[in-house]
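Reproduced below: entry_18.tsv, with TSV, C-alpha atoms.
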chain	number	residue	atom	x	y	z
L	1	MET	CA	321.26	107.73	-49.91
L	2	SER	CA	318.46	109.63	-51.66
L	3	GLY	CA	317.09	113.03	-50.63
L	4	ALA	CA	313.97	111.46	-49.14
L	5	THR	CA	316.01	109.09	-46.98
L	6	LYS	CA	318.45	111.84	-45.97
L	7	LEU	CA	315.75	114.20	-44.67
L	8	PRO	CA	314.90	112.30	-41.45
L	9	TRP	CA	318.61	112.12	-40.58
L	10	VAL	CA	318.99	115.87	-41.15
L	11	VAL	CA	316.05	116.43	-38.76
L	12	VAL	CA	317.61	114.08	-36.17
L	13	LEU	CA	320.98	115.84	-36.51
L	14	LEU	CA	319.35	119.26	-36.03
L	15	ALA	CA	317.51	117.97	-32.95
L	16	VAL	CA	320.73	116.59	-31.47
L	17	LEU	CA	322.55	119.88	-32.15
L	18	LEU	CA	319.65	121.78	-30.55
L	19	TYR	CA	320.09	119.88	-27.27
L	20	VAL	CA	323.88	119.95	-27.34
L	21	GLY	CA	323.60	123.72	-27.86
L	22	TRP	CA	321.22	123.95	-24.92
L	23	ALA	CA	323.78	122.27	-22.67
L	24	ILE	CA	326.64	124.48	-23.88
L	25	TRP	CA	324.87	127.86	-24.17
L	26	PRO	CA	321.87	127.68	-21.79
L	27	ALA	CA	321.82	131.44	-21.30
L	28	SER	CA	321.62	132.29	-25.02
L	29	ALA	CA	318.58	134.07	-26.47
L	30	LEU	CA	317.53	130.97	-28.44
L	31	TYR	CA	317.08	128.92	-25.28
L	32	ASN	CA	315.50	131.68	-23.21
L	33	ASP	CA	313.48	133.94	-25.54
L	34	VAL	CA	312.55	131.59	-28.40
L	35	LEU	CA	312.56	128.15	-26.80
L	36	SER	CA	311.78	127.69	-23.11
L	37	ALA	CA	312.93	124.68	-21.07
L	38	HIS	CA	309.33	123.45	-21.10
L	39	ARG	CA	309.16	123.57	-24.91
L	40	LEU	CA	312.52	121.87	-25.28
L	41	LEU	CA	311.46	119.09	-22.94
L	42	ALA	CA	308.23	118.63	-24.90
L	43	ILE	CA	310.08	118.55	-28.26
L	44	ALA	CA	312.51	115.93	-26.90
L	45	ALA	CA	309.59	113.83	-25.62
L	46	VAL	CA	307.89	113.91	-29.03
L	47	PHE	CA	311.11	112.97	-30.84
L	48	LYS	CA	311.77	110.05	-28.50
L	49	LEU	CA	308.18	108.78	-28.67
L	50	ALA	CA	308.11	108.96	-32.47
L	51	ALA	CA	311.47	107.17	-32.87
L	52	LEU	CA	310.57	104.44	-30.38
L	53	LEU	CA	307.15	103.78	-31.86
L	54	LEU	CA	308.43	103.71	-35.44
L	55	GLY	CA	311.38	101.54	-34.40
L	56	SER	CA	309.06	99.08	-32.69
L	57	ILE	CA	306.72	98.94	-35.71
L	58	TRP	CA	309.58	98.51	-38.19
L	59	ALA	CA	311.28	95.82	-36.08
L	60	PHE	CA	307.98	93.95	-35.86
L	61	ALA	CA	307.53	94.30	-39.62
L	62	CYS	CA	311.00	92.74	-40.08
L	63	ARG	CA	309.92	89.84	-37.87
L	64	ASP	CA	306.77	89.53	-39.97
L	65	ARG	CA	308.69	89.45	-43.26
L	66	LEU	CA	311.06	86.69	-42.15
L	67	GLU	CA	310.07	83.05	-42.49
L	68	THR	CA	308.90	81.22	-39.35
L	69	ASP	CA	312.04	79.07	-39.26
L	70	ASN	CA	314.43	82.02	-39.75
L	71	PRO	CA	316.62	82.20	-36.61
L	72	ALA	CA	316.69	86.03	-36.78
L	73	ARG	CA	312.88	86.28	-36.61
L	74	PRO	CA	312.59	86.01	-32.78
L	75	ALA	CA	315.43	88.54	-32.43
L	76	TRP	CA	313.49	91.19	-34.39
L	77	PHE	CA	310.39	90.40	-32.30
L	78	LEU	CA	312.35	90.83	-29.06
L	79	LEU	CA	313.84	94.08	-30.34
L	80	SER	CA	310.33	95.28	-31.18
L	81	LEU	CA	309.15	94.42	-27.65
L	82	GLY	CA	312.16	96.15	-26.10
L	83	LEU	CA	311.47	99.34	-28.06
L	84	LEU	CA	307.76	99.11	-27.26
L	85	SER	CA	308.50	98.79	-23.54
L	86	THR	CA	310.81	101.82	-23.73
L	87	PHE	CA	308.04	103.65	-25.61
L	88	ALA	CA	305.61	102.80	-22.77
L	89	GLY	CA	308.10	104.20	-20.26
L	90	GLN	CA	308.49	107.38	-22.31
L	91	LEU	CA	304.73	107.62	-22.76
L	92	SER	CA	304.14	107.55	-19.01
L	93	LEU	CA	306.64	110.40	-18.64
L	94	ALA	CA	305.02	112.39	-21.45
L	95	PRO	CA	302.21	114.02	-19.38
L	96	PHE	CA	304.79	115.41	-16.96
L	97	GLN	CA	307.08	116.61	-19.75
L	98	LEU	CA	304.41	117.95	-22.10
L	99	VAL	CA	302.07	119.53	-19.53
L	100	LEU	CA	304.22	120.36	-16.52
L	101	GLY	CA	307.60	120.72	-18.24
L	102	GLU	CA	309.40	118.49	-15.75
L	103	THR	CA	310.89	114.98	-15.64
L	104	PRO	CA	310.24	113.36	-12.26
L	105	PHE	CA	312.44	110.45	-11.16
L	106	PRO	CA	311.60	107.72	-10.35
L	107	THR	CA	308.14	107.20	-11.90
L	108	PRO	CA	306.04	104.14	-12.84
L	109	GLY	CA	307.59	104.64	-16.28
L	110	ASP	CA	310.85	103.24	-14.90
L	111	ILE	CA	309.16	99.81	-14.66
L	112	PHE	CA	308.85	99.83	-18.46
L	113	TYR	CA	312.37	101.21	-19.00
L	114	VAL	CA	313.85	98.44	-16.84
L	115	LEU	CA	311.57	95.82	-18.43
L	116	ALA	CA	312.91	96.78	-21.87
L	117	TYR	CA	316.41	95.54	-21.04
L	118	PRO	CA	315.69	91.78	-20.85
L	119	PHE	CA	314.04	92.07	-24.27
L	120	LEU	CA	316.93	94.05	-25.79
L	121	ILE	CA	319.61	91.81	-24.25
L	122	ALA	CA	317.71	88.69	-25.39
L	123	ALA	CA	317.35	90.16	-28.90
L	124	LEU	CA	321.12	90.64	-29.23
L	125	LEU	CA	321.79	87.15	-27.82
L	126	VAL	CA	319.37	85.58	-30.33
L	127	PHE	CA	321.08	87.49	-33.17
L	128	LEU	CA	324.44	86.19	-31.94
L	129	ASN	CA	323.17	82.63	-31.76
L	130	ALA	CA	321.66	82.92	-35.26
L	131	TYR	CA	324.98	84.13	-36.69
L	132	ARG	CA	326.92	81.41	-34.85
L	133	GLU	CA	324.55	78.72	-36.16
L	134	ALA	CA	324.96	80.10	-39.66
L	135	GLY	CA	328.69	79.40	-39.36
L	136	LEU	CA	329.85	83.01	-39.13
L	137	PRO	CA	333.14	83.51	-37.29
L	138	MET	CA	332.41	84.58	-33.68
L	139	GLY	CA	335.88	84.63	-32.11
L	140	SER	CA	337.52	82.32	-29.61
L	141	ALA	CA	336.39	81.39	-26.09
L	142	ALA	CA	339.50	83.16	-24.75
L	143	GLY	CA	338.48	86.34	-26.56
L	144	ARG	CA	335.01	86.16	-25.03
L	145	ALA	CA	336.47	85.58	-21.55
L	146	LEU	CA	338.72	88.63	-22.05
L	147	LEU	CA	335.69	90.65	-23.08
L	148	LEU	CA	333.79	89.61	-19.93
L	149	ALA	CA	336.76	90.59	-17.78
L	150	GLY	CA	336.95	93.96	-19.55
L	151	VAL	CA	333.25	94.66	-18.98
L	152	GLY	CA	333.73	93.67	-15.30
L	153	VAL	CA	336.50	96.24	-14.91
L	154	ILE	CA	334.42	98.92	-16.66
L	155	ALA	CA	331.49	98.01	-14.36
L	156	ILE	CA	333.57	98.60	-11.25
L	157	VAL	CA	334.92	101.92	-12.58
L	158	ILE	CA	331.50	103.20	-13.66
L	159	LEU	CA	329.27	101.88	-10.90
L	160	ARG	CA	331.41	102.64	-7.86
L	161	PRO	CA	330.95	106.45	-7.80
L	162	VAL	CA	327.24	106.10	-8.63
L	163	ALA	CA	326.73	103.52	-5.84
L	164	ALA	CA	328.57	105.71	-3.34
L	165	THR	CA	326.11	108.62	-3.60
L	166	ALA	CA	323.42	109.24	-1.00
L	167	GLY	CA	319.67	109.44	-1.69
L	168	PRO	CA	316.42	107.47	-1.39
L	169	LEU	CA	316.91	103.71	-1.82
L	170	LEU	CA	314.67	103.39	-4.91
L	171	ASP	CA	316.46	106.27	-6.65
L	172	ARG	CA	319.81	104.66	-5.93
L	173	ILE	CA	318.69	101.19	-7.05
L	174	LEU	CA	317.42	102.56	-10.36
L	175	THR	CA	320.41	104.84	-10.88
L	176	ILE	CA	322.70	101.81	-10.53
L	177	ALA	CA	320.35	99.43	-12.40
L	178	TYR	CA	320.41	101.37	-15.69
L	179	PRO	CA	324.20	101.45	-16.23
L	180	ALA	CA	324.48	97.90	-14.82
L	181	LEU	CA	321.95	96.61	-17.35
L	182	ASP	CA	323.75	98.58	-20.06
L	183	LEU	CA	326.97	96.80	-19.18
L	184	VAL	CA	325.20	93.44	-19.55
L	185	LEU	CA	323.94	94.69	-22.92
L	186	LEU	CA	327.50	95.63	-23.81
L	187	VAL	CA	328.70	91.99	-23.86
L	188	PRO	CA	326.58	90.74	-26.80
L	189	LEU	CA	326.97	94.21	-28.34
L	190	VAL	CA	330.76	93.91	-28.55
L	191	LEU	CA	330.49	90.34	-29.87
L	192	LEU	CA	328.07	91.54	-32.56
L	193	LEU	CA	330.44	94.37	-33.37
L	194	ARG	CA	332.94	91.74	-34.55
L	195	VAL	CA	330.33	90.48	-37.00
L	196	ALA	CA	329.29	94.00	-38.01
L	197	LEU	CA	332.85	95.09	-38.80
L	198	ARG	CA	333.14	92.24	-41.29
L	199	LEU	CA	329.94	93.37	-42.99
L	200	GLY	CA	331.62	96.65	-44.00
L	201	ARG	CA	329.58	99.10	-46.07
L	202	SER	CA	327.29	96.40	-47.47
L	203	GLU	CA	323.48	96.37	-47.20
L	204	ALA	CA	323.57	94.24	-44.03
L	205	GLY	CA	326.50	96.33	-42.77
L	206	GLU	CA	324.40	99.50	-42.91
L	207	VAL	CA	321.72	97.83	-40.75
L	208	TRP	CA	324.24	96.82	-38.12
L	209	LEU	CA	326.11	100.11	-38.20
L	210	LEU	CA	322.84	101.88	-37.34
L	211	LEU	CA	321.67	99.34	-34.75
L	212	LEU	CA	324.97	99.03	-32.92
L	213	SER	CA	325.62	102.79	-32.90
L	214	GLY	CA	322.12	103.20	-31.47
L	215	PHE	CA	322.81	100.73	-28.68
L	216	VAL	CA	326.15	102.38	-27.91
L	217	PHE	CA	324.43	105.78	-27.57
L	218	LEU	CA	321.71	104.12	-25.44
L	219	CYS	CA	324.39	102.84	-23.03
L	220	ALA	CA	326.11	106.24	-23.06
L	221	GLY	CA	322.82	108.01	-22.34
L	222	ASP	CA	322.05	105.78	-19.37
L	223	ILE	CA	325.53	106.16	-17.92
L	224	CYS	CA	325.41	109.96	-18.35
L	225	PHE	CA	321.95	110.01	-16.75
L	226	ALA	CA	323.18	107.97	-13.78
L	227	TYR	CA	326.17	110.28	-13.27
L	228	PHE	CA	324.29	113.54	-13.69
L	229	GLN	CA	321.47	112.30	-11.42
L	230	SER	CA	323.70	110.98	-8.64
L	231	LEU	CA	326.18	113.86	-8.77
L	232	GLY	CA	323.47	116.55	-8.91
L	233	GLU	CA	324.54	117.79	-12.35
L	234	GLU	CA	321.03	117.94	-13.81
L	235	HIS	CA	321.92	121.07	-15.81
L	236	LEU	CA	323.73	118.66	-18.15
L	237	ASP	CA	320.48	116.79	-18.88
L	238	PRO	CA	320.29	118.28	-22.43
L	239	PHE	CA	323.24	116.02	-23.29
L	240	VAL	CA	321.16	113.06	-22.09
L	241	HIS	CA	318.24	114.16	-24.29
L	242	ALA	CA	320.58	114.48	-27.29
L	243	THR	CA	322.05	111.04	-26.63
L	244	PHE	CA	318.68	109.31	-26.27
L	245	ILE	CA	317.20	111.02	-29.34
L	246	LEU	CA	320.20	109.85	-31.36
L	247	ALA	CA	320.10	106.33	-29.84
L	248	TYR	CA	316.40	105.77	-30.55
L	249	ALA	CA	316.65	107.28	-34.04
L	250	LEU	CA	319.63	105.09	-34.95
L	251	ILE	CA	317.96	101.89	-33.72
L	252	ALA	CA	314.74	102.80	-35.54
L	253	GLY	CA	316.83	103.62	-38.63
L	254	GLY	CA	318.49	100.20	-38.46
L	255	ALA	CA	315.13	98.45	-38.28
L	256	HIS	CA	313.87	100.55	-41.21
L	257	ARG	CA	316.96	99.74	-43.29
L	258	GLN	CA	316.49	96.02	-42.60
L	259	LEU	CA	312.84	96.29	-43.58
L	260	ARG	CA	313.84	97.92	-46.88
L	261	ILE	CA	316.22	95.03	-47.56
L	262	LEU	CA	313.51	92.49	-46.83
L	263	LYS	CA	311.01	94.34	-49.01
L	264	SER	CA	313.39	94.80	-51.96
C	1	MET	CA	336.96	75.81	-60.95
C	2	THR	CA	339.52	75.88	-58.12
C	3	LYS	CA	338.83	76.85	-54.52
C	4	PRO	CA	340.40	80.37	-54.81
C	5	GLU	CA	338.47	81.04	-58.05
C	6	THR	CA	335.24	79.90	-56.40
C	7	ILE	CA	335.84	82.09	-53.35
C	8	ASP	CA	336.64	85.11	-55.53
C	9	SER	CA	333.43	84.64	-57.53
C	10	VAL	CA	331.34	84.29	-54.35
C	11	VAL	CA	332.95	87.37	-52.79
C	12	LYS	CA	332.34	89.45	-55.92
C	13	VAL	CA	328.61	88.66	-55.92
C	14	LEU	CA	327.91	88.61	-52.17
C	15	GLY	CA	330.13	91.61	-51.30
C	16	PRO	CA	327.40	94.21	-51.84
C	17	TYR	CA	324.99	92.21	-49.67
C	18	ILE	CA	327.15	91.21	-46.69
C	19	GLY	CA	330.53	92.85	-47.30
C	20	GLU	CA	333.61	91.38	-48.94
C	21	THR	CA	335.31	90.47	-45.65
C	22	MET	CA	332.27	88.58	-44.34
C	23	ALA	CA	331.66	86.90	-47.71
C	24	ARG	CA	335.27	85.76	-47.90
C	25	SER	CA	335.58	84.56	-44.28
C	26	ALA	CA	332.22	82.74	-44.39
C	27	THR	CA	333.05	81.05	-47.71
C	28	GLU	CA	336.53	80.05	-46.53
C	29	ALA	CA	335.09	78.68	-43.27
C	30	HIS	CA	332.47	76.61	-45.14
C	31	CYS	CA	335.10	75.36	-47.64
C	32	HIS	CA	337.27	74.29	-44.73
C	33	LYS	CA	334.36	72.41	-43.09
C	34	LEU	CA	333.54	70.74	-46.41
C	35	GLY	CA	337.14	69.58	-46.77
C	36	ILE	CA	337.80	71.57	-49.93
C	37	ALA	CA	341.59	71.82	-50.09
C	38	ASP	CA	343.54	74.84	-51.38
C	39	GLY	CA	344.26	74.57	-55.08
C	40	SER	CA	341.96	71.60	-55.62
C	41	ALA	CA	338.97	71.74	-57.96
C	42	VAL	CA	335.55	72.19	-56.39
C	43	SER	CA	333.20	69.40	-57.47
C	44	ALA	CA	329.58	70.06	-58.48
C	45	GLU	CA	328.38	68.31	-55.33
C	46	GLN	CA	330.68	70.36	-53.08
C	47	LEU	CA	329.57	73.53	-54.84
C	48	GLU	CA	325.89	72.80	-54.21
C	49	THR	CA	326.58	72.06	-50.53
C	50	LEU	CA	328.63	75.27	-50.26
C	51	LEU	CA	325.86	77.34	-51.85
C	52	GLY	CA	323.32	75.73	-49.50
C	53	LYS	CA	325.44	76.67	-46.46
C	54	LEU	CA	325.97	80.22	-47.72
C	55	GLY	CA	322.24	80.55	-48.44
C	56	GLY	CA	321.44	79.55	-44.85
C	57	GLY	CA	323.69	82.33	-43.54
C	58	LEU	CA	322.34	84.88	-45.99
C	59	ASN	CA	318.75	84.10	-44.90
C	60	ILE	CA	319.45	85.73	-41.56
C	61	PHE	CA	320.54	89.02	-43.12
C	62	LEU	CA	318.41	89.15	-46.25
C	63	GLY	CA	315.40	86.86	-45.78
C	64	ARG	CA	314.77	83.76	-47.88
C	65	ASP	CA	313.61	85.43	-51.11
C	66	LYS	CA	316.52	87.83	-51.46
C	67	SER	CA	318.91	85.14	-50.27
C	68	LYS	CA	317.70	82.82	-53.06
C	69	THR	CA	318.22	85.62	-55.58
C	70	ALA	CA	321.75	86.26	-54.30
C	71	ILE	CA	322.66	82.56	-54.40
C	72	GLY	CA	321.21	82.40	-57.93
C	73	GLU	CA	323.54	85.26	-58.89
C	74	VAL	CA	326.50	83.35	-57.39
C	75	ARG	CA	325.51	80.23	-59.32
C	76	ASP	CA	325.30	82.25	-62.56
C	77	ALA	CA	328.68	83.84	-61.90
C	78	LEU	CA	330.26	80.44	-61.24
C	79	THR	CA	328.66	78.96	-64.36
C	80	ARG	CA	329.93	81.86	-66.45
C	81	GLY	CA	333.34	81.27	-64.92
C	82	GLY	CA	333.28	77.71	-66.17
C	83	GLY	CA	332.82	76.00	-62.86
C	84	ARG	CA	330.43	73.33	-64.11

Encoding of this model in structure tokens:
Amino acid sequence: MSGATKLPWVVVLLAVLLYVGWAIWPASALYNDVLSAHRLLAIAAVFKLAALLLGSIWAFACRDRLETDNPARPAWFLLSLGLLSTFAGQLSLAPFQLVLGETPFPTPGDIFYVLAYPFLIAALLVFLNAYREAGLPMGSAAGRALLLAGVGVIAIVILRPVAATAGPLLDRILTIAYPALDLVLLVPLVLLLRVALRLGRSEAGEVWLLLLSGFVFLCAGDICFAYFQSLGEEHLDPFVHATFILAYALIAGGAHRQLRILKS
Amino acid sequence: MTKPETIDSVVKVLGPYIGETMARSATEAHCHKLGIADGSAVSAEQLETLLGKLGGGLNIFLGRDKSKTAIGEVRDALTRGGGR
């Protein structure tokens, strides 16, 4: 990795550390005298918007570079749409975060956040189908059934405490919807992980390492958000910011790495 | 060139693109489907079919142009190895 390609990752790492530090030492001078909560919220919003927009553009550029009959082409298009929809959700939150320094929930932006999931899930399914058609080993039917059962157990463990909390109906529906959709996303994600592990540290392996890590952090961010929201632990929100910044940056990084391969 | 020699040559060239494990498992799977037995020589016709199948899989990761280049490198490596 050259210096120029390392720099964005250094910036992302610093941003993540900034928000992890905010969660651990909220009373420190850095987070009270130098950076206010309002500023930190605004910085996080800008980071997320930039990563989502770039990710969407790069994923679309990958789609554009692939031939019309390439089975991965629709997957990159769906990924681009998923990131664009998430960007639209983040953009509708931006006025609150940048001007007022607050993150209301729920907002019309949640429509876009929820809408992103069918695109992202479909993208991963199309990738899976493309790899299966290409004759890559995808595991046995028994293995897939075991995976579904595992995700079902995780769903019960994760969703039960969130579903049991009180609050307005819409808040509760959305708080459950995000981790539930993430668990659906987890199924193709784990199947793709089998493919990605075989790719190792190759060019294609780097793309999938970035993309899959990004999706894992996306799931983690949503689950943390649901827990903190439903259990009234909003002071831990900086962890959620750190997780989403990392998730969006990793997915965008994966799309960028793929684009570099296609351009080379 | 025998099946193991062919697989080794393919893995050596495609490893940097898709990883040695993926290159080996994909090549072995395609050899199996093409009925290329262990220890037997790979015919020119079987080799072309194998390269076509591998190229189709590479397209997904690398795009057609880079995939063609990679398959060309495999063909060169196999030719240098005395496969045809």

key: Residue hits in chain C, query chain L, radius 9 Å, only C-alpha atoms, as a ChimeraX atom specification   = /C:15-23,25-26,29-30,53-54,56-66

inquiry  = Please determine, counting all atoms listed in the file, which residue among L:Gly254, L:Pro168, L:Pro188, L:Pro104 has the shortest atom-to-atom distance to L:Gly55.
reply    =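 When distances to L:Gly55 are compared using all atoms listed in the file, the smallest one comes from L:Gly254.
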
Write out as a short mmCIF file (atom, residue, chain, number, x, y, z; two decimals) with C-alpha atoms, in the frame of the given file the residues lying within 9 Å of stretch 20-29 of chain L, counting all atoms listed in the file and excluding same-chain residues fewer than 3 positions away.
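Written output follows (around06.cif):
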data_model
loop_
_atom_site.label_atom_id
_atom_site.label_comp_id
_atom_site.auth_asym_id
_atom_site.auth_seq_id
_atom_site.Cartn_x
_atom_site.Cartn_y
_atom_site.Cartn_z
CA ALA L 15 317.51 117.97 -32.95
CA VAL L 16 320.73 116.59 -31.47
CA LEU L 17 322.55 119.88 -32.15
CA ASN L 32 315.50 131.68 -23.21
CA ASP L 33 313.48 133.94 -25.54
CA VAL L 34 312.55 131.59 -28.40
CA LEU L 35 312.56 128.15 -26.80
CA LEU L 40 312.52 121.87 -25.28
CA HIS L 235 321.92 121.07 -15.81
CA LEU L 236 323.73 118.66 -18.15
CA ASP L 237 320.48 116.79 -18.88
CA PRO L 238 320.29 118.28 -22.43
CA PHE L 239 323.24 116.02 -23.29
CA HIS L 241 318.24 114.16 -24.29
CA ALA L 242 320.58 114.48 -27.29
#

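Going from atom CA of C:Leu34 over to atom CA of C:Gly52, you cover 11.8 Å.
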
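For the pair atom CA of C:Thr69 and atom CA of C:Asp38, the separation is 27.8 Å.
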
task = Rank nothing, just name the residue among L:Ala149, L:Leu212, L:Ala45, L:Leu54 nearest to L:Arg194, using only C-alpha atoms.
result = L:Leu212
